[in-house]
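**Q** Dumping the structure here so I can ask a few things about it.
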Amino acid sequence: MANLTFIIFCPLVAAGVIALLPRTFNVLFRLLALGATGLSLLGALRVFLALEPGAAGLQFEQQVPWIPALGISYHVGVDGLNAGLLLMGALVAFAAVCVSREITARQQVYYVLLLLMTGGILGAFVAFDLFLFYVFHELALVPTFLLIGLWGRGEERTFASFQITLYLSLGALVALAGLIALYVQAGAGTFNLPELTRHLAAQPLPVRVQTWVFGLLLFGFGVLVALWPFHTWAPAGYAAAPTAAAMLHAGVIKKFGLYGLIRVALPLLPEGAEAWVTLLAWLALGNILYCGLVAMRQRDLHRLIGNSSVAHMGFAFLGIASLSVVGVTGAVVVMVAHGLLAALSFAVSGYLHQHLRTVNLDQLGGLLRAMPFLGGVMVMAMFAGCGLPGFANFPGEALTLFGAWPNHRLVVILAAWGALVVAAVYMLRAVRALWHGPLPERWGEAQDARGAWVRLPYALLLGALVVFGCAPRLLTDPLRPVVVRLLAPPAGADATAAGLAGGATAPGRLAGLPAAGAGKVGR
Amino acid sequence: MNDLATIGLELAVVLTGLGVLLADLWLAPARRPRLALVTALALGAILVASFWVPAEPARTAFAGLYVADGLALFFKRFFLLAALLVTALAWEFRDGFEAGHAEYHALSCFALAGMMFAASARHFALLFVAVELVTVTFYVLVSFQRRRETALEAGVKYLILGALASAFLVFGMALVQAGAGTLAFTALAERIETFTGNPLVVAGLLLVGVGLGFKIAVVPFQIWVPDVYQGSPLPTTAFLAAGSKATGVVLLLRVLHEAAPALTARAGLLLAALAVATMFYGALGALPQRSLRRLMGYSSIANAGFLLVGFATRDAAGVEAVLVYLAGYLFAVLLVFLVATLVWRGAGGDDLETLGGLGQQAPGLAAALTLGAASLAGVPPLAGFLGKFLLLRAALRAGGGDPVLYLLAGLTLVAAVIALYYYFGLVRAVYWGDTAGVTAPVPVGGPGRLALLACSAGVVGLGLVPGPVLAWARAAAHGLGL
């Protein structure tokens with residue numbers, strides 16, 4: 001089961017099977033979807049646990065030529081960088097299928113799309129061929145259009161579905177142009193990432209070329225991650241999306257752009273990155289501060305969470321802009337943590353919308369009395385969002401700030417303020433408006449999530465958030481050697497030098513990494 | 001005799017057409033619609049036979065007028081497949097024709113023969129004859145539903161503008177003959193270097209380009225497209241979109257790379273400008289359309305613009321991209337027209353909003369239409385994406401030598417996003433449009449089902465397993481001497 005192809009194709013095959021079944025087998029659709037994502041989750045968990053942190057190169061690697069004429073192959077693998085993301089993606093996908101109980105219309109199409117999206121997401125995170133990487137991402141992106149349009153919420157869902165699709169397609173196409181430019185300029189005739197890395201390590205591109213290709217990738221991927229000021233699609237899109245789509249999109253698909261920057265742009269275009277990081281750091285501050293302030297003004301819970309999710313992306317960008325091992329490690333931890341957090345928040349807000357028909361903060365209040373379980377979950381999620389220690393977001397955000405400090409001091413000072421004060425203000429105000437105070441009479445009958453099956457997705461997401469928060473080394477230990485290798489100077493690209501480079505840079509660059517102990521602790 | 005063996009495929013198609021016409025004499029009127037199935041079987045057999053025709057070495061016939069090389073063979077298979085699927089479409093459309101089933105299929109076969117001859121033309125005389133064979137048969141096919149006013153309007157428009165384009169073509173050929181003293185492509189190519197400064201020859205070739213631009217629907221010769229697409233019977237529209245456009249493409253490839261390579265080398269800016277104008281005219285024009293056929297008309301213009309990107313790079317990668325793009329376009333466009341035919345049959349309407357109930361009443365057809373629209377929009381892993389990917393790759397690769405192509409690649413991306421809007425608008429109409437349009441399940445006959453399957457398999461298969469088509473495209477580009 002610990003086979004990456006199995007993990008990716010479980011949901012895709014299930015989607016095909018559901019599409020071929022008669023239209024009325026609603027229970028079976030749901031069971032198949034649960035089973036397929038459950039199997040993927042188990043597989044991802046086994047891959048995560050079986051990962052050898054220090055090993056050079058890829059693990060669970062599989063490579064099959066796909067279009068040899070163009071140098072394209074089906075190449076998947078994991079290392080410390082994407083094992084955590086794969087697990088997070090599979091977990092969110094499983095939770096998203098769990099909360100899809102609310103869907104009653106056209107279940108067949110719904111589950112087909114949801115499973116296609118899941119397969120695309122999981123594939124994108126383990127693909128080591130740039131073409132495959134892009135194809136899987138689009139496979140995940142396009143179903144959102146129909147999911148929002150058909151099962152979305154609110155009057156503006158048609159507009160939102162078009163906005164999110166066109167905006168993200170533009171971003172994806174710009175990124176595609178960047179990837180093709182990289183392929184053409186490298187002249188190696190391959191889209192295979194390890195081969196490209198080796199080729200470019202031996203013959204780096206001229207700085208001028210690196211700079212413009214990095215720019216294409218930065219803005220292409222940036223749009224996909226809602227880099228300020230290209231973030232306007234996100235809150236509106238998430239407010240209109242059905243719960244599961246919002247969870248998968250905000251939680252997982254959005255991380256694809258960040259992953260692309262870390263996996264492709266930073267190691268292949270190191271000198272191009274230098275030219276852009278200052279701008280990127282300030283744009284990241286735009287995410288953190290501007291979107292945080294916008295979130296403070298929201299009265300609609302979906303939009304508040306949407307804006308806060310955009311704001312959190314700022315930390316990941318800041319970590320990338322630091323170009324340091326600590327910062328990039330932090331960015332990956334933020335990606336995992338935020339994926340879980342965003343999914344959890346949207347799951348709860350979706351539940352509220354489903355049962356109360358509104359998520360306007362002015363009309364709600366005192367719900368903790370009616371819904372103690374969900375209230376508790378949501379309050380904890382909001383604490384996690386403020387960066388409270390004990391949740392996975394804290395180590396991530398702290399690491400990005402530590403990592404960025406040497407190069408971007410002013411940005412870090414302002415970002416810390418944004419993280420601690422602004423986030424706390426909107427999160428705590430939302431907690432008060434939603435859960436505390438008198439319970440309006442009409443919500444007296446509100447139902448809490450009852451039964452183990454209903455509570456399972458919330459418990460899983462929250463549990464993962466706490467586990468990674470209390471033991472961040474589960475993520476950072478496997479991450480560190482990979483990040484060191486990705487950021488190492490070109491000479492260190494081959495396997496033997498990776499360890500040396502890690503050793504040489506560790507004292508200086510890893511000073512702020514709390515989990516970077518001398519010896520590796522066995523699990 | 002040898003010459004006749006070389007043109008065996010074309011002869012078989014012509015004989016099929018004649019056979020259908022003769023069979024009409026002995027068949028009872030009620031049974032005549034079944035000639036569609038006979039035609040389809042014959043075309044299928046010829047298509048299969050075409051795989052036994054060797055591409056290497058290239059063979060010529062009629063003193064070099066006609067050539068059977070990789071490029072010709074690629075396009076012959078393309079046209080045969082297009083005609084086969086269009087015949088299946090015409091079978092589903094049969095209630096739309098009052099009479100003249102045999103004539104319709106015979107004319108389709110003759111148009112197909114013209115297209116196949118065009119794919120092999122290496123002389124302006126054969127080029128002209130082939131183009132006229134295609135155009136003249138289409139005059140009839142376009143206005144086949146002669147009691148419908150829109151069909152007559154479309155027929156007249158196509159007739160007048162088509163005749164004008166042919167006049168340009170002939171005039172251009174006359175100028176080339178007057179200036180260069182030859183109409184054979186290879187002979188012209190040998191001498192073209194000395195004629196690049198000769199305004200007579202240059203003007204002649206430009207006028208030939210006008211005639212071919214009309215077929216491909218390149219701005220500013222695109223004006224007929226939306227009206228004719230809207231007025232014609234659906235099978236004709238589909239054949240125009242797939243076959244007629246590809247005829248222009250293969251002829252333009254031959255003229256640019258075989259007849260006038262020295263001039264083509266300098267035409268980069270012209271081709272790039274035409275590409276941008278065409279793709280934006282088509283993409284922006286399609287935005288407000290409410291009629292499916294007009295939408296597909298503008299989309300056909302936009303796709304002509306995308307194809308020109310491959311021409312503008314003027315290298316083997318560009319030609320390969322054009323061929324693969326066309327192959328994907330064939331399946332996707334026929335998929336859309338197949339669903340449209342099944343939904344509306346012979347009825348005149350084609351309002352997008354009336355597609356609303358399709359998602360509920362006929363989920364299979366809705367999925368097929370979505371697949372076609374998604375492929376046209378360039379969604380991976382479908383065929384349309386591979387085509388756009390190759391075009392972009394060709395432009396970015398050639399951009400090193402000619403920075404205009406970087407700009408062209410950027411504008412192509414913008415046009416592709418605009419195109420996404422209307423293709424997804426089609427998907428929106430299917431799934432959450434007005435549900436009053438389709439209120440009962442849509443019956444699909446056997447041939448229609450097969451054609452749907454074939455097109456869907458083409459759209460998906462070409463995206464997932466593009467190896468063979470890429471190899472053919474490469475061989476074809478190689479045949480052009482690139």
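Residue names in the structure tokens use chain letters A, B, ... in the order shown, residue numbers from 1 in each chain, and ligand numbers from 1 in the order shown.
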For chain B, which residues have at least one atom within 7 Å of chain A, if we go by only C-alpha atoms? Write them as a PDB file with N, CA and C atoms, in the first residue's frame, please.
**A**
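In the end it all went to result01.pdb:
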```
ATOM      1  N   VAL B 379      -7.431  22.031 -21.293  1.00  0.00           N
ATOM      2  CA  VAL B 379      -7.302  21.488 -19.948  1.00  0.00           C
ATOM      3  C   VAL B 379      -6.524  20.168 -20.017  1.00  0.00           C
ATOM      4  N   PRO B 380      -5.422  20.034 -19.278  1.00  0.00           N
ATOM      5  CA  PRO B 380      -4.744  18.751 -19.273  1.00  0.00           C
ATOM      6  C   PRO B 380      -5.564  17.720 -18.522  1.00  0.00           C
ATOM      7  N   PRO B 381      -5.405  16.463 -18.800  1.00  0.00           N
ATOM      8  CA  PRO B 381      -4.463  15.854 -19.752  1.00  0.00           C
ATOM      9  C   PRO B 381      -5.081  15.615 -21.110  1.00  0.00           C
ATOM     10  N   ARG B 393       5.754  25.709 -26.453  1.00  0.00           N
ATOM     11  CA  ARG B 393       7.133  25.250 -26.404  1.00  0.00           C
ATOM     12  C   ARG B 393       7.875  25.678 -27.671  1.00  0.00           C
ATOM     13  N   LEU B 396       8.508  29.451 -27.479  1.00  0.00           N
ATOM     14  CA  LEU B 396       9.543  29.841 -26.513  1.00  0.00           C
ATOM     15  C   LEU B 396      10.915  29.360 -26.964  1.00  0.00           C
ATOM     16  N   ARG B 397      10.927  28.250 -27.685  1.00  0.00           N
ATOM     17  CA  ARG B 397      12.213  27.739 -28.143  1.00  0.00           C
ATOM     18  C   ARG B 397      12.762  28.606 -29.262  1.00  0.00           C
ATOM     19  N   LEU B 413      -0.995  33.203 -24.336  1.00  0.00           N
ATOM     20  CA  LEU B 413      -1.500  32.841 -23.008  1.00  0.00           C
ATOM     21  C   LEU B 413      -2.754  33.649 -22.684  1.00  0.00           C
ATOM     22  N   VAL B 417      -6.625  32.269 -22.033  1.00  0.00           N
ATOM     23  CA  VAL B 417      -7.459  32.473 -20.844  1.00  0.00           C
ATOM     24  C   VAL B 417      -8.825  33.039 -21.236  1.00  0.00           C
ATOM     25  N   TYR B 421     -12.915  31.271 -20.883  1.00  0.00           N
ATOM     26  CA  TYR B 421     -14.164  31.839 -20.386  1.00  0.00           C
ATOM     27  C   TYR B 421     -15.353  31.305 -21.184  1.00  0.00           C
ATOM     28  N   TRP B 432     -25.666  24.195 -15.289  1.00  0.00           N
ATOM     29  CA  TRP B 432     -26.614  24.986 -14.521  1.00  0.00           C
ATOM     30  C   TRP B 432     -27.269  26.081 -15.360  1.00  0.00           C
ATOM     31  N   PRO B 466       0.305  10.324 -26.538  1.00  0.00           N
ATOM     32  CA  PRO B 466       0.488  11.063 -27.793  1.00  0.00           C
ATOM     33  C   PRO B 466       1.614  10.521 -28.655  1.00  0.00           C
ATOM     34  N   GLY B 467       2.296   9.488 -28.176  1.00  0.00           N
ATOM     35  CA  GLY B 467       3.476   8.993 -28.875  1.00  0.00           C
ATOM     36  C   GLY B 467       3.312   8.800 -30.376  1.00  0.00           C
TER      37      GLY B 467
END
```
**Q** Give me the residues near region 445-462 of chain B as a PDB file with C-alpha atoms, in the first residue's frame, where near means some atom within 6 Å (using only C-alpha atoms) and where sequence neighbours in that chain fewer than 2 positions away do not count.
**A**
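Writing done, so here's selection.pdb:
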```pdb
ATOM      1  CA  ALA B  88     -21.862   9.321 -38.653  1.00  0.00           C
ATOM      2  CA  PHE B 331     -11.769  15.246 -32.074  1.00  0.00           C
ATOM      3  CA  LEU B 335     -17.415  15.923 -30.137  1.00  0.00           C
ATOM      4  CA  LEU B 382      -6.647  16.215 -22.854  1.00  0.00           C
ATOM      5  CA  ALA B 383      -5.522  16.569 -26.449  1.00  0.00           C
ATOM      6  CA  LEU B 464      -2.447  10.501 -22.526  1.00  0.00           C
ATOM      7  CA  VAL B 465      -0.674   8.517 -25.237  1.00  0.00           C
ATOM      8  CA  PRO B 466       0.488  11.063 -27.793  1.00  0.00           C
TER       9      PRO B 466
END
```
**Q** Measuring atom to atom with only C-alpha atoms, identify which of B:Gln361, B:Thr370, B:Thr341, B:Thr264 is nearest to Leu206 (chain B).
**A**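 Of B:Gln361, B:Thr370, B:Thr341, B:Thr264, the one nearest Leu206 (chain B) is B:Thr264, counting only C-alpha atoms.
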**Q** So the first atom is CA of Ala119 (chain B) and the second is CA of Leu73 (chain B); what is the distance between them in Å, to one decimal place?
**A** 7.8 Å
**Q** Which is closest to Met279 (chain B) among B:Thr354, B:Asn2, B:Thr39, B:Gln222, if we use only C-alpha atoms?
**A**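 The shortest atom-to-atom distance to Met279 (chain B) comes from B:Gln222.
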**Q** Between A:Thr118, A:Ser308, A:Gln298, A:Asn393, which has the minimum distance to Asn360 (chain A) (counting only C-alpha atoms)?
**A**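 Among A:Thr118, A:Ser308, A:Gln298, A:Asn393, it is A:Gln298 that comes nearest to Asn360 (chain A).
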**Q** Would you mind listing what lies within 9 Å of Leu334 (chain B) as a PyMOL selection string, with only C-alpha atoms counted and same-chain residues fewer than 6 positions away left out?
**A** chain B and resi 82+85-86+89+238-239+241-242+372+451-452+455
**Q** Kindly export the residues of the current selection with C-alpha atoms, as a compact mmCIF listing (two decimals), in the first residue's frame.
**A**
```txt
# COMPACT_ATOMS: atom_id res chain seq x y z
CA ALA B 82 -13.00 13.64 -40.22
CA LEU B 85 -17.09 10.98 -38.20
CA VAL B 86 -19.01 13.61 -40.15
CA LEU B 89 -22.99 12.79 -37.63
CA ALA B 238 -18.52 20.21 -38.51
CA PHE B 239 -16.87 19.32 -41.81
CA ALA B 241 -14.56 23.37 -39.02
CA ALA B 242 -12.42 20.27 -39.20
CA GLY B 372 -14.90 18.51 -25.85
CA ALA B 451 -18.70 8.28 -33.02
CA LEU B 452 -19.06 9.75 -29.53
CA CYS B 455 -14.09 11.21 -30.35
```
**Q** By how many Å are CA of Leu279 (chain A) and CA of Asn407 (chain A) apart?
**A**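 One can read the CA of Leu279 (chain A) to CA of Asn407 (chain A) distance as 12.1 Å.
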**Q** Report as an NGL selection string all protein, DNA and RNA residues lying within 12 Å of region 24-27 of chain B, evaluated on only C-alpha atoms, omitting residues in the same chain fewer than 4 positions from it.
**A** :B and (17-20 or 31-36 or 38 or 99-106)
**Q** Write to file, as a short mmCIF file (atom, residue, chain, number, x, y, z; two decimals), in the first residue's frame, the residues of the selection just made, with N, CA and C atoms.
**A**
```cif
data_model
loop_
_atom_site.label_atom_id
_atom_site.label_comp_id
_atom_site.auth_asym_id
_atom_site.auth_seq_id
_atom_site.Cartn_x
_atom_site.Cartn_y
_atom_site.Cartn_z
N GLY B 17 -17.96 7.80 -53.71
CA GLY B 17 -18.95 8.85 -54.00
C GLY B 17 -19.82 8.47 -55.18
N LEU B 18 -19.18 7.99 -56.25
CA LEU B 18 -19.95 7.61 -57.44
C LEU B 18 -20.86 6.43 -57.13
N GLY B 19 -20.34 5.50 -56.35
CA GLY B 19 -21.14 4.33 -55.98
C GLY B 19 -22.38 4.75 -55.22
N VAL B 20 -22.23 5.70 -54.31
CA VAL B 20 -23.38 6.16 -53.54
C VAL B 20 -24.40 6.80 -54.48
N ARG B 31 -35.20 3.95 -47.80
CA ARG B 31 -33.96 3.29 -47.38
C ARG B 31 -32.73 4.13 -47.69
N ARG B 32 -32.94 5.25 -48.38
CA ARG B 32 -31.77 6.02 -48.81
C ARG B 32 -30.93 6.58 -47.66
N PRO B 33 -31.57 6.98 -46.54
CA PRO B 33 -30.71 7.50 -45.46
C PRO B 33 -29.63 6.52 -45.04
N ARG B 34 -29.90 5.21 -45.28
CA ARG B 34 -28.91 4.21 -44.84
C ARG B 34 -27.62 4.27 -45.64
N LEU B 35 -27.65 5.01 -46.74
CA LEU B 35 -26.42 5.16 -47.51
C LEU B 35 -25.31 5.77 -46.64
N ALA B 36 -25.74 6.51 -45.61
CA ALA B 36 -24.74 7.08 -44.71
C ALA B 36 -23.88 5.98 -44.11
N VAL B 38 -23.36 2.97 -45.32
CA VAL B 38 -22.50 2.37 -46.35
C VAL B 38 -21.28 3.25 -46.59
N ALA B 99 -34.65 15.49 -48.49
CA ALA B 99 -34.31 14.52 -49.53
C ALA B 99 -32.85 14.71 -49.85
N GLY B 100 -32.38 13.92 -50.79
CA GLY B 100 -31.02 14.14 -51.26
C GLY B 100 -29.96 13.57 -50.35
N HIS B 101 -30.32 12.49 -49.64
CA HIS B 101 -29.32 11.87 -48.76
C HIS B 101 -28.11 11.41 -49.56
N ALA B 102 -28.39 10.73 -50.70
CA ALA B 102 -27.29 10.20 -51.48
C ALA B 102 -26.39 11.33 -51.97
N GLU B 103 -27.04 12.41 -52.43
CA GLU B 103 -26.25 13.53 -52.93
C GLU B 103 -25.36 14.09 -51.83
N TYR B 104 -25.92 14.18 -50.62
CA TYR B 104 -25.14 14.76 -49.54
C TYR B 104 -23.87 13.94 -49.30
N HIS B 105 -24.03 12.63 -49.24
CA HIS B 105 -22.86 11.80 -48.95
C HIS B 105 -21.90 11.78 -50.12
N ALA B 106 -22.45 11.78 -51.35
CA ALA B 106 -21.57 11.79 -52.51
C ALA B 106 -20.74 13.08 -52.52
#
```
**Q** Residues within 12 Å of Thr37 (chain A), please, as a PDB file with N, CA and C atoms, in the first residue's frame. Count only C-alpha atoms; anything in the same chain fewer than 6 positions from it doesn't count.
**A**
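Output contents, as saved in selection.pdb:
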```pdb
ATOM      1  N   PHE A   6      -0.247   3.773  -6.305  1.00  0.00           N
ATOM      2  CA  PHE A   6      -1.480   3.302  -5.671  1.00  0.00           C
ATOM      3  C   PHE A   6      -2.192   4.461  -4.971  1.00  0.00           C
ATOM      4  N   ILE A   7      -1.424   5.268  -4.242  1.00  0.00           N
ATOM      5  CA  ILE A   7      -2.018   6.378  -3.489  1.00  0.00           C
ATOM      6  C   ILE A   7      -2.697   7.367  -4.434  1.00  0.00           C
ATOM      7  N   ILE A   8      -2.049   7.655  -5.554  1.00  0.00           N
ATOM      8  CA  ILE A   8      -2.603   8.652  -6.480  1.00  0.00           C
ATOM      9  C   ILE A   8      -3.809   8.084  -7.218  1.00  0.00           C
ATOM     10  N   PHE A   9      -3.676   6.823  -7.665  1.00  0.00           N
ATOM     11  CA  PHE A   9      -4.691   6.308  -8.569  1.00  0.00           C
ATOM     12  C   PHE A   9      -5.894   5.702  -7.862  1.00  0.00           C
ATOM     13  N   CYS A  10      -5.790   5.485  -6.560  1.00  0.00           N
ATOM     14  CA  CYS A  10      -6.957   5.008  -5.813  1.00  0.00           C
ATOM     15  C   CYS A  10      -8.154   5.942  -6.044  1.00  0.00           C
ATOM     16  N   PRO A  11      -8.013   7.243  -5.760  1.00  0.00           N
ATOM     17  CA  PRO A  11      -9.151   8.130  -6.009  1.00  0.00           C
ATOM     18  C   PRO A  11      -9.511   8.231  -7.488  1.00  0.00           C
ATOM     19  N   LEU A  12      -8.530   8.220  -8.362  1.00  0.00           N
ATOM     20  CA  LEU A  12      -8.840   8.381  -9.789  1.00  0.00           C
ATOM     21  C   LEU A  12      -9.619   7.184 -10.322  1.00  0.00           C
ATOM     22  N   VAL A  13      -9.196   5.981  -9.910  1.00  0.00           N
ATOM     23  CA  VAL A  13      -9.916   4.787 -10.360  1.00  0.00           C
ATOM     24  C   VAL A  13     -11.320   4.769  -9.769  1.00  0.00           C
ATOM     25  N   ALA A  14     -11.415   5.160  -8.494  1.00  0.00           N
ATOM     26  CA  ALA A  14     -12.747   5.205  -7.874  1.00  0.00           C
ATOM     27  C   ALA A  14     -13.636   6.183  -8.625  1.00  0.00           C
ATOM     28  N   ALA A  15     -13.067   7.303  -9.078  1.00  0.00           N
ATOM     29  CA  ALA A  15     -13.852   8.276  -9.846  1.00  0.00           C
ATOM     30  C   ALA A  15     -14.370   7.629 -11.121  1.00  0.00           C
ATOM     31  N   ARG A  30     -20.774   7.207  -2.082  1.00  0.00           N
ATOM     32  CA  ARG A  30     -20.150   7.763  -0.898  1.00  0.00           C
ATOM     33  C   ARG A  30     -19.185   6.754  -0.279  1.00  0.00           C
ATOM     34  N   LEU A  31     -19.619   5.504  -0.248  1.00  0.00           N
ATOM     35  CA  LEU A  31     -18.744   4.483   0.329  1.00  0.00           C
ATOM     36  C   LEU A  31     -17.463   4.332  -0.485  1.00  0.00           C
ATOM     37  N   GLY A  43      -2.083   4.755   2.907  1.00  0.00           N
ATOM     38  CA  GLY A  43      -0.848   4.653   2.140  1.00  0.00           C
ATOM     39  C   GLY A  43       0.082   5.813   2.438  1.00  0.00           C
ATOM     40  N   ALA A  44      -0.479   7.019   2.462  1.00  0.00           N
ATOM     41  CA  ALA A  44       0.350   8.196   2.709  1.00  0.00           C
ATOM     42  C   ALA A  44       0.965   8.132   4.099  1.00  0.00           C
ATOM     43  N   LEU A  87       0.905  13.494   3.155  1.00  0.00           N
ATOM     44  CA  LEU A  87       0.070  13.044   4.271  1.00  0.00           C
ATOM     45  C   LEU A  87      -1.023  14.066   4.556  1.00  0.00           C
ATOM     46  N   GLY A  89      -2.289  16.259   2.501  1.00  0.00           N
ATOM     47  CA  GLY A  89      -3.262  16.262   1.414  1.00  0.00           C
ATOM     48  C   GLY A  89      -4.225  15.092   1.523  1.00  0.00           C
ATOM     49  N   ALA A  90      -3.686  13.922   1.824  1.00  0.00           N
ATOM     50  CA  ALA A  90      -4.544  12.742   1.916  1.00  0.00           C
ATOM     51  C   ALA A  90      -5.507  12.865   3.091  1.00  0.00           C
ATOM     52  N   LEU A  91      -5.005  13.428   4.183  1.00  0.00           N
ATOM     53  CA  LEU A  91      -5.849  13.599   5.371  1.00  0.00           C
ATOM     54  C   LEU A  91      -6.992  14.565   5.082  1.00  0.00           C
ATOM     55  N   VAL A  92      -6.654  15.693   4.458  1.00  0.00           N
ATOM     56  CA  VAL A  92      -7.692  16.673   4.147  1.00  0.00           C
ATOM     57  C   VAL A  92      -8.702  16.093   3.159  1.00  0.00           C
ATOM     58  N   ALA A  93      -8.196  15.318   2.196  1.00  0.00           N
ATOM     59  CA  ALA A  93      -9.115  14.746   1.213  1.00  0.00           C
ATOM     60  C   ALA A  93     -10.095  13.791   1.896  1.00  0.00           C
ATOM     61  N   PHE A  94      -9.580  12.976   2.797  1.00  0.00           N
ATOM     62  CA  PHE A  94     -10.452  12.048   3.517  1.00  0.00           C
ATOM     63  C   PHE A  94     -11.490  12.825   4.331  1.00  0.00           C
ATOM     64  N   ALA A  95     -11.014  13.855   5.031  1.00  0.00           N
ATOM     65  CA  ALA A  95     -11.942  14.667   5.827  1.00  0.00           C
ATOM     66  C   ALA A  95     -12.971  15.334   4.930  1.00  0.00           C
ATOM     67  N   ALA A  96     -12.542  15.771   3.747  1.00  0.00           N
ATOM     68  CA  ALA A  96     -13.467  16.453   2.840  1.00  0.00           C
ATOM     69  C   ALA A  96     -14.558  15.503   2.380  1.00  0.00           C
ATOM     70  N   VAL A  97     -14.188  14.247   2.115  1.00  0.00           N
ATOM     71  CA  VAL A  97     -15.227  13.287   1.730  1.00  0.00           C
ATOM     72  C   VAL A  97     -16.154  13.039   2.916  1.00  0.00           C
ATOM     73  N   CYS A  98     -15.581  12.988   4.133  1.00  0.00           N
ATOM     74  CA  CYS A  98     -16.421  12.764   5.319  1.00  0.00           C
ATOM     75  C   CYS A  98     -17.480  13.853   5.468  1.00  0.00           C
ATOM     76  N   TYR A 111     -19.094  13.298  -6.493  1.00  0.00           N
ATOM     77  CA  TYR A 111     -17.995  12.455  -6.001  1.00  0.00           C
ATOM     78  C   TYR A 111     -16.955  12.218  -7.094  1.00  0.00           C
ATOM     79  N   LEU A 114     -14.868  15.338  -6.974  1.00  0.00           N
ATOM     80  CA  LEU A 114     -14.078  15.427  -5.739  1.00  0.00           C
ATOM     81  C   LEU A 114     -12.899  14.451  -5.779  1.00  0.00           C
ATOM     82  N   LEU A 115     -13.144  13.259  -6.316  1.00  0.00           N
ATOM     83  CA  LEU A 115     -12.072  12.265  -6.363  1.00  0.00           C
ATOM     84  C   LEU A 115     -11.025  12.625  -7.423  1.00  0.00           C
ATOM     85  N   LEU A 116     -11.476  13.206  -8.540  1.00  0.00           N
ATOM     86  CA  LEU A 116     -10.506  13.676  -9.534  1.00  0.00           C
ATOM     87  C   LEU A 116      -9.588  14.710  -8.906  1.00  0.00           C
ATOM     88  N   MET A 117     -10.222  15.613  -8.166  1.00  0.00           N
ATOM     89  CA  MET A 117      -9.471  16.674  -7.512  1.00  0.00           C
ATOM     90  C   MET A 117      -8.452  16.067  -6.546  1.00  0.00           C
ATOM     91  N   THR A 118      -8.899  15.072  -5.769  1.00  0.00           N
ATOM     92  CA  THR A 118      -8.006  14.441  -4.811  1.00  0.00           C
ATOM     93  C   THR A 118      -6.811  13.792  -5.508  1.00  0.00           C
ATOM     94  N   GLY A 119      -7.105  13.027  -6.563  1.00  0.00           N
ATOM     95  CA  GLY A 119      -6.014  12.383  -7.290  1.00  0.00           C
ATOM     96  C   GLY A 119      -5.032  13.400  -7.832  1.00  0.00           C
ATOM     97  N   ILE A 121      -4.382  16.416  -6.688  1.00  0.00           N
ATOM     98  CA  ILE A 121      -3.605  17.021  -5.612  1.00  0.00           C
ATOM     99  C   ILE A 121      -2.466  16.110  -5.173  1.00  0.00           C
ATOM    100  N   LEU A 122      -2.831  14.853  -4.909  1.00  0.00           N
ATOM    101  CA  LEU A 122      -1.816  13.931  -4.392  1.00  0.00           C
ATOM    102  C   LEU A 122      -0.728  13.722  -5.430  1.00  0.00           C
TER     103      LEU A 122
END
```
